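The file model-v9.cif contains mmCIF, C-alpha atoms:
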```cif
data_work
#
loop_
_atom_site.label_atom_id
_atom_site.label_comp_id
_atom_site.auth_asym_id
_atom_site.auth_seq_id
_atom_site.Cartn_x
_atom_site.Cartn_y
_atom_site.Cartn_z
CA MET A 1 141.28 116.51 73.88
CA ILE A 2 140.92 117.30 77.58
CA GLU A 3 140.96 114.01 79.52
CA VAL A 4 138.50 113.93 82.43
CA LEU A 5 138.02 111.64 85.44
CA VAL A 6 134.44 111.61 86.76
CA VAL A 7 134.18 110.84 90.49
CA ASP A 8 130.77 110.21 92.09
CA ASP A 9 129.59 107.68 94.67
CA ASP A 10 126.38 107.06 92.70
CA THR A 11 127.19 105.01 89.60
CA ARG A 12 124.10 106.28 87.78
CA VAL A 13 125.02 109.92 88.44
CA ALA A 14 128.58 109.21 87.33
CA ARG A 15 127.30 107.79 84.04
CA VAL A 16 125.06 110.81 83.47
CA ASN A 17 127.90 113.24 84.23
CA ALA A 18 130.23 111.30 81.97
CA ALA A 19 127.66 111.50 79.17
CA TYR A 20 127.40 115.25 79.75
CA VAL A 21 131.18 115.62 79.51
CA GLU A 22 131.30 113.69 76.22
CA LYS A 23 128.73 116.08 74.72
CA VAL A 24 131.04 119.09 75.18
CA PRO A 25 133.45 119.50 72.24
CA GLY A 26 137.08 118.98 73.17
CA PHE A 27 136.43 116.80 76.25
CA HIS A 28 136.84 113.03 76.70
CA VAL A 29 136.08 110.84 79.72
CA ALA A 30 139.25 108.96 80.67
CA GLY A 31 137.54 107.03 83.47
CA GLU A 32 135.07 106.93 86.35
CA ALA A 33 135.53 106.32 90.09
CA HIS A 34 132.99 105.79 92.87
CA THR A 35 135.13 105.82 96.03
CA ALA A 36 138.01 107.91 97.35
CA ALA A 37 140.40 104.96 97.06
CA GLU A 38 139.33 104.28 93.49
CA ALA A 39 139.70 107.96 92.60
CA LEU A 40 143.27 108.04 93.90
CA HIS A 41 144.07 104.82 92.05
CA ARG A 42 142.73 106.29 88.81
CA VAL A 43 144.73 109.49 89.27
CA GLU A 44 147.88 107.40 89.76
CA SER A 45 147.26 104.91 86.95
CA LEU A 46 145.69 106.79 84.05
CA PRO A 47 148.30 107.54 81.39
CA ARG A 48 147.01 111.09 80.99
CA LEU A 49 144.59 113.11 83.09
CA ASP A 50 143.83 116.84 82.83
CA LEU A 51 140.73 117.38 84.96
CA VAL A 52 138.83 115.67 87.79
CA LEU A 53 135.12 116.26 88.37
CA MET A 54 135.12 115.54 92.11
CA ASP A 55 132.14 114.61 94.25
CA HIS A 56 132.56 115.47 97.95
CA TYR A 57 130.45 112.79 99.65
CA LEU A 58 132.22 109.50 98.97
CA PRO A 59 131.64 106.28 100.95
CA ASP A 60 135.19 105.92 102.32
CA ASP A 61 136.32 109.59 102.57
CA THR A 62 135.53 113.07 101.27
CA GLY A 63 136.37 114.49 97.89
CA LEU A 64 138.43 117.22 99.56
CA ALA A 65 140.48 114.55 101.32
CA VAL A 66 141.18 113.03 97.92
CA VAL A 67 142.29 116.41 96.58
CA ARG A 68 144.58 116.93 99.60
CA GLU A 69 146.14 113.50 99.06
CA MET A 70 146.56 114.18 95.34
CA ARG A 71 148.49 117.36 96.15
CA ARG A 72 150.56 115.58 98.82
CA ARG A 73 151.58 112.99 96.22
CA GLY A 74 152.53 115.73 93.78
CA HIS A 75 149.59 115.47 91.38
CA GLN A 76 148.63 118.93 90.12
CA THR A 77 145.67 117.74 88.05
CA ASP A 78 142.95 120.39 87.86
CA VAL A 79 139.79 119.84 89.91
CA ILE A 80 136.20 121.01 89.60
CA MET A 81 134.04 120.13 92.59
CA VAL A 82 130.66 118.69 91.55
CA THR A 83 128.74 118.08 94.76
CA ALA A 84 125.62 118.63 96.84
CA ALA A 85 127.77 120.10 99.64
CA ARG A 86 126.57 123.69 100.04
CA ASP A 87 128.11 124.75 103.36
CA VAL A 88 130.47 127.70 103.09
CA SER A 89 133.25 125.90 104.99
CA THR A 90 133.41 123.18 102.32
CA VAL A 91 133.39 125.75 99.53
CA GLN A 92 136.19 127.67 101.26
CA ALA A 93 138.23 124.50 101.78
CA ALA A 94 137.80 123.62 98.10
CA MET A 95 139.17 127.02 97.13
CA ARG A 96 142.15 126.63 99.47
CA HIS A 97 143.01 123.25 97.98
CA GLY A 98 142.99 124.60 94.44
CA ALA A 99 139.59 123.66 93.04
CA LEU A 100 139.08 125.83 89.96
CA GLN A 101 135.27 125.69 89.94
CA TYR A 102 132.46 124.54 92.23
CA LEU A 103 129.19 123.22 90.78
CA VAL A 104 126.33 122.53 93.20
CA LYS A 105 124.01 119.56 92.62
CA PRO A 106 121.44 119.19 91.21
CA PHE A 107 122.31 120.84 87.92
CA ALA A 108 121.33 120.56 84.26
CA PHE A 109 123.66 119.88 81.36
CA ALA A 110 123.90 123.62 80.63
CA GLY A 111 125.39 124.26 84.07
CA LEU A 112 128.19 121.72 83.65
CA ARG A 113 128.78 122.75 80.04
CA ALA A 114 129.33 126.37 81.13
CA LYS A 115 131.95 125.25 83.69
CA LEU A 116 133.74 123.04 81.17
CA GLU A 117 133.75 125.73 78.49
CA ALA A 118 135.20 128.20 81.01
CA TYR A 119 137.89 125.64 81.87
CA ALA A 120 138.72 125.11 78.19
CA GLU A 121 139.02 128.88 77.76
CA LEU A 122 141.39 128.99 80.73
CA ARG A 123 143.60 126.32 79.18
CA ARG A 124 143.72 128.19 75.87
CA THR A 125 144.70 131.36 77.71
CA LEU A 126 147.50 129.59 79.58
CA ASP A 127 148.87 127.66 76.60
CA GLY A 128 151.16 130.49 75.53
CA GLY A 129 153.26 130.36 78.71
CA GLY A 130 155.86 133.04 79.38
CA GLU A 131 155.15 136.22 81.32
CA ALA A 132 151.73 137.84 81.49
CA GLU A 133 150.84 141.50 81.27
CA GLN A 134 147.96 142.76 83.43
CA ALA A 135 145.47 142.28 80.57
CA GLN A 136 146.51 138.63 80.27
CA VAL A 137 146.20 138.14 84.03
CA ASP A 138 142.72 139.69 83.94
CA ARG A 139 141.72 137.34 81.13
CA ILE A 140 142.87 134.32 83.15
CA PHE A 141 140.78 135.33 86.14
CA ARG A 142 137.79 136.13 83.93
CA ALA A 143 137.97 132.59 82.56
CA LEU A 144 137.89 131.20 86.10
CA SER A 145 134.83 133.26 86.98
CA ALA A 146 132.92 132.77 83.72
CA PRO A 147 129.16 133.11 84.24
CA SER A 148 126.90 130.09 84.45
CA GLU A 149 124.48 129.36 81.66
CA PRO A 150 121.70 131.96 81.87
CA GLU A 151 118.04 131.10 82.35
CA LEU A 152 116.01 131.63 79.20
CA PRO A 153 113.28 134.29 79.32
CA LYS A 154 109.65 133.26 78.86
CA GLY A 155 108.86 132.46 75.25
CA HIS A 156 112.34 131.16 74.40
CA SER A 157 112.94 127.48 73.62
CA PRO A 158 115.95 125.66 75.13
CA THR A 159 116.03 123.46 72.01
CA THR A 160 116.31 126.46 69.68
CA ALA A 161 118.89 128.10 71.92
CA GLU A 162 120.94 124.89 71.79
CA LEU A 163 120.72 124.77 67.98
CA VAL A 164 122.03 128.34 67.73
CA ARG A 165 124.76 127.64 70.28
CA GLN A 166 125.93 124.52 68.42
CA ALA A 167 126.00 126.41 65.11
CA LEU A 168 128.20 129.11 66.65
CA MET A 169 130.44 126.62 68.46
CA ASN A 170 131.03 124.59 65.28
CA ALA A 171 131.66 127.61 63.06
CA GLU A 172 135.17 128.55 61.99
CA GLY A 173 134.39 132.26 62.30
CA PRO A 174 131.62 134.79 62.96
CA LEU A 175 128.17 134.08 61.49
CA SER A 176 125.31 136.33 60.50
CA ALA A 177 121.68 135.73 61.52
CA GLN A 178 120.95 134.54 57.98
CA GLU A 179 123.79 132.01 58.13
CA ILE A 180 122.58 130.78 61.52
CA ALA A 181 119.07 130.42 60.09
CA GLU A 182 120.37 128.35 57.18
CA ARG A 183 122.38 126.06 59.46
CA THR A 184 119.64 125.50 62.04
CA GLY A 185 116.46 125.56 59.97
CA VAL A 186 114.85 128.40 61.94
CA SER A 187 113.74 131.70 60.43
CA ARG A 188 116.12 134.63 60.18
CA GLN A 189 113.98 136.59 62.66
CA THR A 190 114.14 133.74 65.19
CA ALA A 191 117.89 133.40 64.75
CA GLN A 192 118.30 137.15 65.27
CA ARG A 193 116.21 137.03 68.46
CA TYR A 194 118.30 134.26 70.01
CA LEU A 195 121.58 135.85 68.92
CA LYS A 196 120.56 139.11 70.60
CA LEU A 197 119.70 137.21 73.78
CA LEU A 198 123.03 135.38 73.79
CA GLU A 199 124.84 138.65 73.19
CA ARG A 200 123.06 140.35 76.12
CA THR A 201 123.99 137.49 78.44
CA GLY A 202 127.64 137.52 77.37
CA ARG A 203 127.61 134.16 75.56
CA THR A 204 128.29 135.68 72.13
CA ARG A 205 130.33 138.62 70.84
CA LEU A 206 129.06 140.92 68.13
CA THR A 207 131.33 141.93 65.26
CA LEU A 208 130.56 144.20 62.31
CA LYS A 209 131.36 143.45 58.68
CA TYR A 210 131.46 146.53 56.48
CA GLY A 211 130.56 146.26 52.79
CA ASP A 212 130.80 148.70 49.92
CA ALA A 213 127.66 150.58 50.93
CA GLY A 214 124.82 150.56 53.40
CA ARG A 215 124.68 149.43 56.99
CA PRO A 216 127.35 147.03 58.33
CA GLU A 217 126.35 143.37 58.69
CA HIS A 218 126.04 142.07 62.24
CA ARG A 219 128.00 138.86 62.78
CA TYR A 220 128.30 136.76 65.94
CA VAL A 221 130.93 134.49 67.45
CA TRP A 222 130.69 132.26 70.53
CA ALA A 223 132.32 134.16 73.40
CA THR A 224 134.44 131.26 74.75
CA ARG A 225 136.18 130.60 71.44
CA GLY A 226 139.91 131.34 71.44
#
```
Output the file's structure in the form of structure tokens.
Amino acid sequence: MIEVLVVDDDTRVARVNAAYVEKVPGFHVAGEAHTAAEALHRVESLPRLDLVLMDHYLPDDTGLAVVREMRRRGHQTDVIMVTAARDVSTVQAAMRHGALQYLVKPFAFAGLRAKLEAYAELRRTLDGGGEAEQAQVDRIFRALSAPSEPELPKGHSPTTAELVRQALMNAEGPLSAQEIAERTGVSRQTAQRYLKLLERTGRTRLTLKYGDAGRPEHRYVWATRG
């Protein structure tokens, strides 16, 4: 599990963000903090911490000041900025201090989920260690710049899209449209339509399964799986 500290000055927003984090497979909320001082205390005291979701506007200091102090104290915990700060100077400073991602408020669950899934993909890519060939380096940087969750075209249901996404995420391997239909309760035609959409937007990868005769079967796998 990836242990996450959620930092936000608004306790209600912190609870919502924490609930979002818990909905993403592989992530667990290790704690919450609502001030810069509390955030630093949590970073120092939590037995294990992998990622901080850092608000910028805190009552006693800025989120970037917290990140600077973390680095000064030798803490290399990964940081994703989650803030309403939109000015380019703050974004640039976040990059310079090692923030891996920057998510602008307000956002929906899909926006945060996309950032967390990209982060999980990055960790899987880095787990091997050792030296990296250019292709491996390219994969690392692609994980950092993974696209945000796409807007659904008119006529598509977010609920159905989420059902298809969950089926793919929970599968042990590629699934066909028929298998998706059986797992989600939608028709095969509906499953095929959403799979095609997810493929076009880069969220799924298409593979082909060849049988003894006839056309190959189209099968799909969630693109951020290792």
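On the file presented, the PyMOL selection byres ((chain A and resi 30) around 6) picks out A:Glu3, A:Val4, A:Leu5, A:Val29, A:Gly31.
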Worksheet item: What does the distance between atom CA of Pro174 of chain A and atom CA of Leu112 of chain A come to in Å, to one decimal place?
Response: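 About the pair atom CA of Pro174 of chain A and atom CA of Leu112 of chain A: they are 24.7 Å apart.
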Worksheet item: Which one of A:Tyr194, A:Tyr220, A:Tyr119, A:Tyr210 sits closest to Met169 of chain A if you count only C-alpha atoms?
Response: A:Tyr220
Worksheet item: Applied to this file, what does the PyMOL selection byres ((chain A and resi 53-66) around 6) return in terms of residues, put as a list in words?
Response: Val6, Val7, Asp8, Asp9, Thr35, Ala36, Val52, Val67, Arg68, Glu69, Ile80, Met81, Val82 and Thr83 of chain A
Would you mind exporting the chosen residues as a PDB file, in the frame of the given file, restricted to C-alpha atoms?
```
ATOM      1  CA  VAL A   6     134.440 111.610  86.760  1.00  0.00           C
ATOM      2  CA  VAL A   7     134.180 110.840  90.490  1.00  0.00           C
ATOM      3  CA  ASP A   8     130.770 110.210  92.090  1.00  0.00           C
ATOM      4  CA  ASP A   9     129.590 107.680  94.670  1.00  0.00           C
ATOM      5  CA  THR A  35     135.130 105.820  96.030  1.00  0.00           C
ATOM      6  CA  ALA A  36     138.010 107.910  97.350  1.00  0.00           C
ATOM      7  CA  VAL A  52     138.830 115.670  87.790  1.00  0.00           C
ATOM      8  CA  VAL A  67     142.290 116.410  96.580  1.00  0.00           C
ATOM      9  CA  ARG A  68     144.580 116.930  99.600  1.00  0.00           C
ATOM     10  CA  GLU A  69     146.140 113.500  99.060  1.00  0.00           C
ATOM     11  CA  ILE A  80     136.200 121.010  89.600  1.00  0.00           C
ATOM     12  CA  MET A  81     134.040 120.130  92.590  1.00  0.00           C
ATOM     13  CA  VAL A  82     130.660 118.690  91.550  1.00  0.00           C
ATOM     14  CA  THR A  83     128.740 118.080  94.760  1.00  0.00           C
TER      15      THR A  83
END
```
Fill in: Test item: residues at most 12 Å from Arg71 of chain A, all atoms listed in the file, excluding those fewer than 4 positions along its chain, as a ChimeraX atom specification
/A:40,43-44,64-67,75-79,96-99
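All residues of protein, DNA or RNA that reach within 12 Å of Arg12 of chain A, judged by all atoms listed in the file and not counting those fewer than 6 positions away in the chain, are A:Val6, A:Ala18, A:Ala19, A:Glu32, A:Ala33, A:His34.
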Practice prompt. Name the residues that the PyMOL selection byres ((chain A and resi 191) around 12) picks from the file above, as a PyMOL selection string, using the file's chain letters and numbers.
Written response: chain A and resi 156-157+160-165+167-168+175-190+192-198+219-220
How about completing segment 113-124 of chain A with all heavy atoms and giving it to me as a PDB file, in the frame of the given file?
```pdb
ATOM      1  N   ARG A 113     128.161 122.298  81.300  1.00  0.00           N
ATOM      2  CA  ARG A 113     128.780 122.750  80.040  1.00  0.00           C
ATOM      3  C   ARG A 113     129.442 124.118  80.217  1.00  0.00           C
ATOM      4  O   ARG A 113     130.557 124.348  79.732  1.00  0.00           O
ATOM      5  CB  ARG A 113     127.715 122.825  78.949  1.00  0.00           C
ATOM      6  CG  ARG A 113     128.275 123.244  77.582  1.00  0.00           C
ATOM      7  CD  ARG A 113     127.157 123.395  76.571  1.00  0.00           C
ATOM      8  NE  ARG A 113     126.290 124.501  76.933  1.00  0.00           N
ATOM      9  CZ  ARG A 113     125.009 124.564  76.581  1.00  0.00           C
ATOM     10  NH1 ARG A 113     124.432 123.582  75.917  1.00  0.00           N
ATOM     11  NH2 ARG A 113     124.280 125.611  76.936  1.00  0.00           N
ATOM     12  N   ALA A 114     128.765 125.036  80.928  1.00  0.00           N
ATOM     13  CA  ALA A 114     129.330 126.370  81.130  1.00  0.00           C
ATOM     14  C   ALA A 114     130.654 126.288  81.899  1.00  0.00           C
ATOM     15  O   ALA A 114     131.615 126.998  81.580  1.00  0.00           O
ATOM     16  CB  ALA A 114     128.339 127.254  81.881  1.00  0.00           C
ATOM     17  N   LYS A 115     130.717 125.415  82.918  1.00  0.00           N
ATOM     18  CA  LYS A 115     131.950 125.250  83.690  1.00  0.00           C
ATOM     19  C   LYS A 115     133.061 124.665  82.814  1.00  0.00           C
ATOM     20  O   LYS A 115     134.221 125.108  82.881  1.00  0.00           O
ATOM     21  CB  LYS A 115     131.709 124.344  84.897  1.00  0.00           C
ATOM     22  CG  LYS A 115     130.684 124.853  85.891  1.00  0.00           C
ATOM     23  CD  LYS A 115     131.109 126.138  86.560  1.00  0.00           C
ATOM     24  CE  LYS A 115     130.108 126.545  87.635  1.00  0.00           C
ATOM     25  NZ  LYS A 115     130.391 127.887  88.193  1.00  0.00           N
ATOM     26  N   LEU A 116     132.724 123.670  82.017  1.00  0.00           N
ATOM     27  CA  LEU A 116     133.740 123.040  81.170  1.00  0.00           C
ATOM     28  C   LEU A 116     134.230 123.992  80.086  1.00  0.00           C
ATOM     29  O   LEU A 116     135.434 124.028  79.781  1.00  0.00           O
ATOM     30  CB  LEU A 116     133.182 121.762  80.545  1.00  0.00           C
ATOM     31  CG  LEU A 116     132.860 120.619  81.518  1.00  0.00           C
ATOM     32  CD1 LEU A 116     132.287 119.433  80.761  1.00  0.00           C
ATOM     33  CD2 LEU A 116     134.097 120.211  82.308  1.00  0.00           C
ATOM     34  N   GLU A 117     133.332 124.764  79.512  1.00  0.00           N
ATOM     35  CA  GLU A 117     133.750 125.730  78.490  1.00  0.00           C
ATOM     36  C   GLU A 117     134.654 126.796  79.099  1.00  0.00           C
ATOM     37  O   GLU A 117     135.619 127.242  78.467  1.00  0.00           O
ATOM     38  CB  GLU A 117     132.526 126.354  77.833  1.00  0.00           C
ATOM     39  CG  GLU A 117     131.786 125.394  76.912  1.00  0.00           C
ATOM     40  CD  GLU A 117     130.511 125.989  76.350  1.00  0.00           C
ATOM     41  OE1 GLU A 117     130.096 127.077  76.823  1.00  0.00           O
ATOM     42  OE2 GLU A 117     129.923 125.376  75.436  1.00  0.00           O
ATOM     43  N   ALA A 118     134.341 127.228  80.324  1.00  0.00           N
ATOM     44  CA  ALA A 118     135.200 128.200  81.010  1.00  0.00           C
ATOM     45  C   ALA A 118     136.578 127.596  81.259  1.00  0.00           C
ATOM     46  O   ALA A 118     137.610 128.264  81.116  1.00  0.00           O
ATOM     47  CB  ALA A 118     134.561 128.653  82.317  1.00  0.00           C
ATOM     48  N   TYR A 119     136.604 126.319  81.639  1.00  0.00           N
ATOM     49  CA  TYR A 119     137.890 125.640  81.870  1.00  0.00           C
ATOM     50  C   TYR A 119     138.696 125.531  80.578  1.00  0.00           C
ATOM     51  O   TYR A 119     139.911 125.759  80.572  1.00  0.00           O
ATOM     52  CB  TYR A 119     137.637 124.249  82.456  1.00  0.00           C
ATOM     53  CG  TYR A 119     138.899 123.433  82.621  1.00  0.00           C
ATOM     54  CD1 TYR A 119     139.812 123.738  83.624  1.00  0.00           C
ATOM     55  CD2 TYR A 119     139.176 122.378  81.759  1.00  0.00           C
ATOM     56  CE1 TYR A 119     140.990 123.005  83.762  1.00  0.00           C
ATOM     57  CE2 TYR A 119     140.341 121.634  81.890  1.00  0.00           C
ATOM     58  CZ  TYR A 119     141.241 121.962  82.895  1.00  0.00           C
ATOM     59  OH  TYR A 119     142.400 121.234  83.030  1.00  0.00           O
ATOM     60  N   ALA A 120     138.023 125.195  79.479  1.00  0.00           N
ATOM     61  CA  ALA A 120     138.720 125.110  78.190  1.00  0.00           C
ATOM     62  C   ALA A 120     139.287 126.464  77.791  1.00  0.00           C
ATOM     63  O   ALA A 120     140.403 126.558  77.269  1.00  0.00           O
ATOM     64  CB  ALA A 120     137.759 124.594  77.113  1.00  0.00           C
ATOM     65  N   GLU A 121     138.531 127.532  78.050  1.00  0.00           N
ATOM     66  CA  GLU A 121     139.020 128.880  77.760  1.00  0.00           C
ATOM     67  C   GLU A 121     140.249 129.195  78.597  1.00  0.00           C
ATOM     68  O   GLU A 121     141.218 129.793  78.111  1.00  0.00           O
ATOM     69  CB  GLU A 121     137.897 129.892  78.016  1.00  0.00           C
ATOM     70  CG  GLU A 121     138.325 131.352  77.941  1.00  0.00           C
ATOM     71  CD  GLU A 121     138.684 131.801  76.543  1.00  0.00           C
ATOM     72  OE1 GLU A 121     138.447 131.036  75.572  1.00  0.00           O
ATOM     73  OE2 GLU A 121     139.232 132.912  76.404  1.00  0.00           O
ATOM     74  N   LEU A 122     140.227 128.784  79.859  1.00  0.00           N
ATOM     75  CA  LEU A 122     141.390 128.990  80.730  1.00  0.00           C
ATOM     76  C   LEU A 122     142.619 128.290  80.171  1.00  0.00           C
ATOM     77  O   LEU A 122     143.707 128.867  80.117  1.00  0.00           O
ATOM     78  CB  LEU A 122     141.071 128.479  82.132  1.00  0.00           C
ATOM     79  CG  LEU A 122     142.241 128.488  83.128  1.00  0.00           C
ATOM     80  CD1 LEU A 122     142.687 129.914  83.429  1.00  0.00           C
ATOM     81  CD2 LEU A 122     141.858 127.774  84.411  1.00  0.00           C
ATOM     82  N   ARG A 123     142.462 127.061  79.741  1.00  0.00           N
ATOM     83  CA  ARG A 123     143.600 126.320  79.180  1.00  0.00           C
ATOM     84  C   ARG A 123     144.146 126.988  77.931  1.00  0.00           C
ATOM     85  O   ARG A 123     145.370 127.067  77.738  1.00  0.00           O
ATOM     86  CB  ARG A 123     143.189 124.874  78.888  1.00  0.00           C
ATOM     87  CG  ARG A 123     143.037 124.023  80.141  1.00  0.00           C
ATOM     88  CD  ARG A 123     142.558 122.634  79.781  1.00  0.00           C
ATOM     89  NE  ARG A 123     143.535 121.934  78.958  1.00  0.00           N
ATOM     90  CZ  ARG A 123     144.473 121.112  79.433  1.00  0.00           C
ATOM     91  NH1 ARG A 123     144.582 120.915  80.744  1.00  0.00           N
ATOM     92  NH2 ARG A 123     145.294 120.480  78.625  1.00  0.00           N
ATOM     93  N   ARG A 124     143.253 127.483  77.068  1.00  0.00           N
ATOM     94  CA  ARG A 124     143.720 128.190  75.870  1.00  0.00           C
ATOM     95  C   ARG A 124     144.502 129.437  76.240  1.00  0.00           C
ATOM     96  O   ARG A 124     145.511 129.773  75.618  1.00  0.00           O
ATOM     97  CB  ARG A 124     142.530 128.551  74.975  1.00  0.00           C
ATOM     98  CG  ARG A 124     141.927 127.398  74.205  1.00  0.00           C
ATOM     99  CD  ARG A 124     140.958 127.884  73.140  1.00  0.00           C
ATOM    100  NE  ARG A 124     139.762 128.450  73.699  1.00  0.00           N
ATOM    101  CZ  ARG A 124     138.660 127.764  73.959  1.00  0.00           C
ATOM    102  NH1 ARG A 124     138.621 126.461  73.734  1.00  0.00           N
ATOM    103  NH2 ARG A 124     137.589 128.365  74.445  1.00  0.00           N
TER     104      ARG A 124
END
```
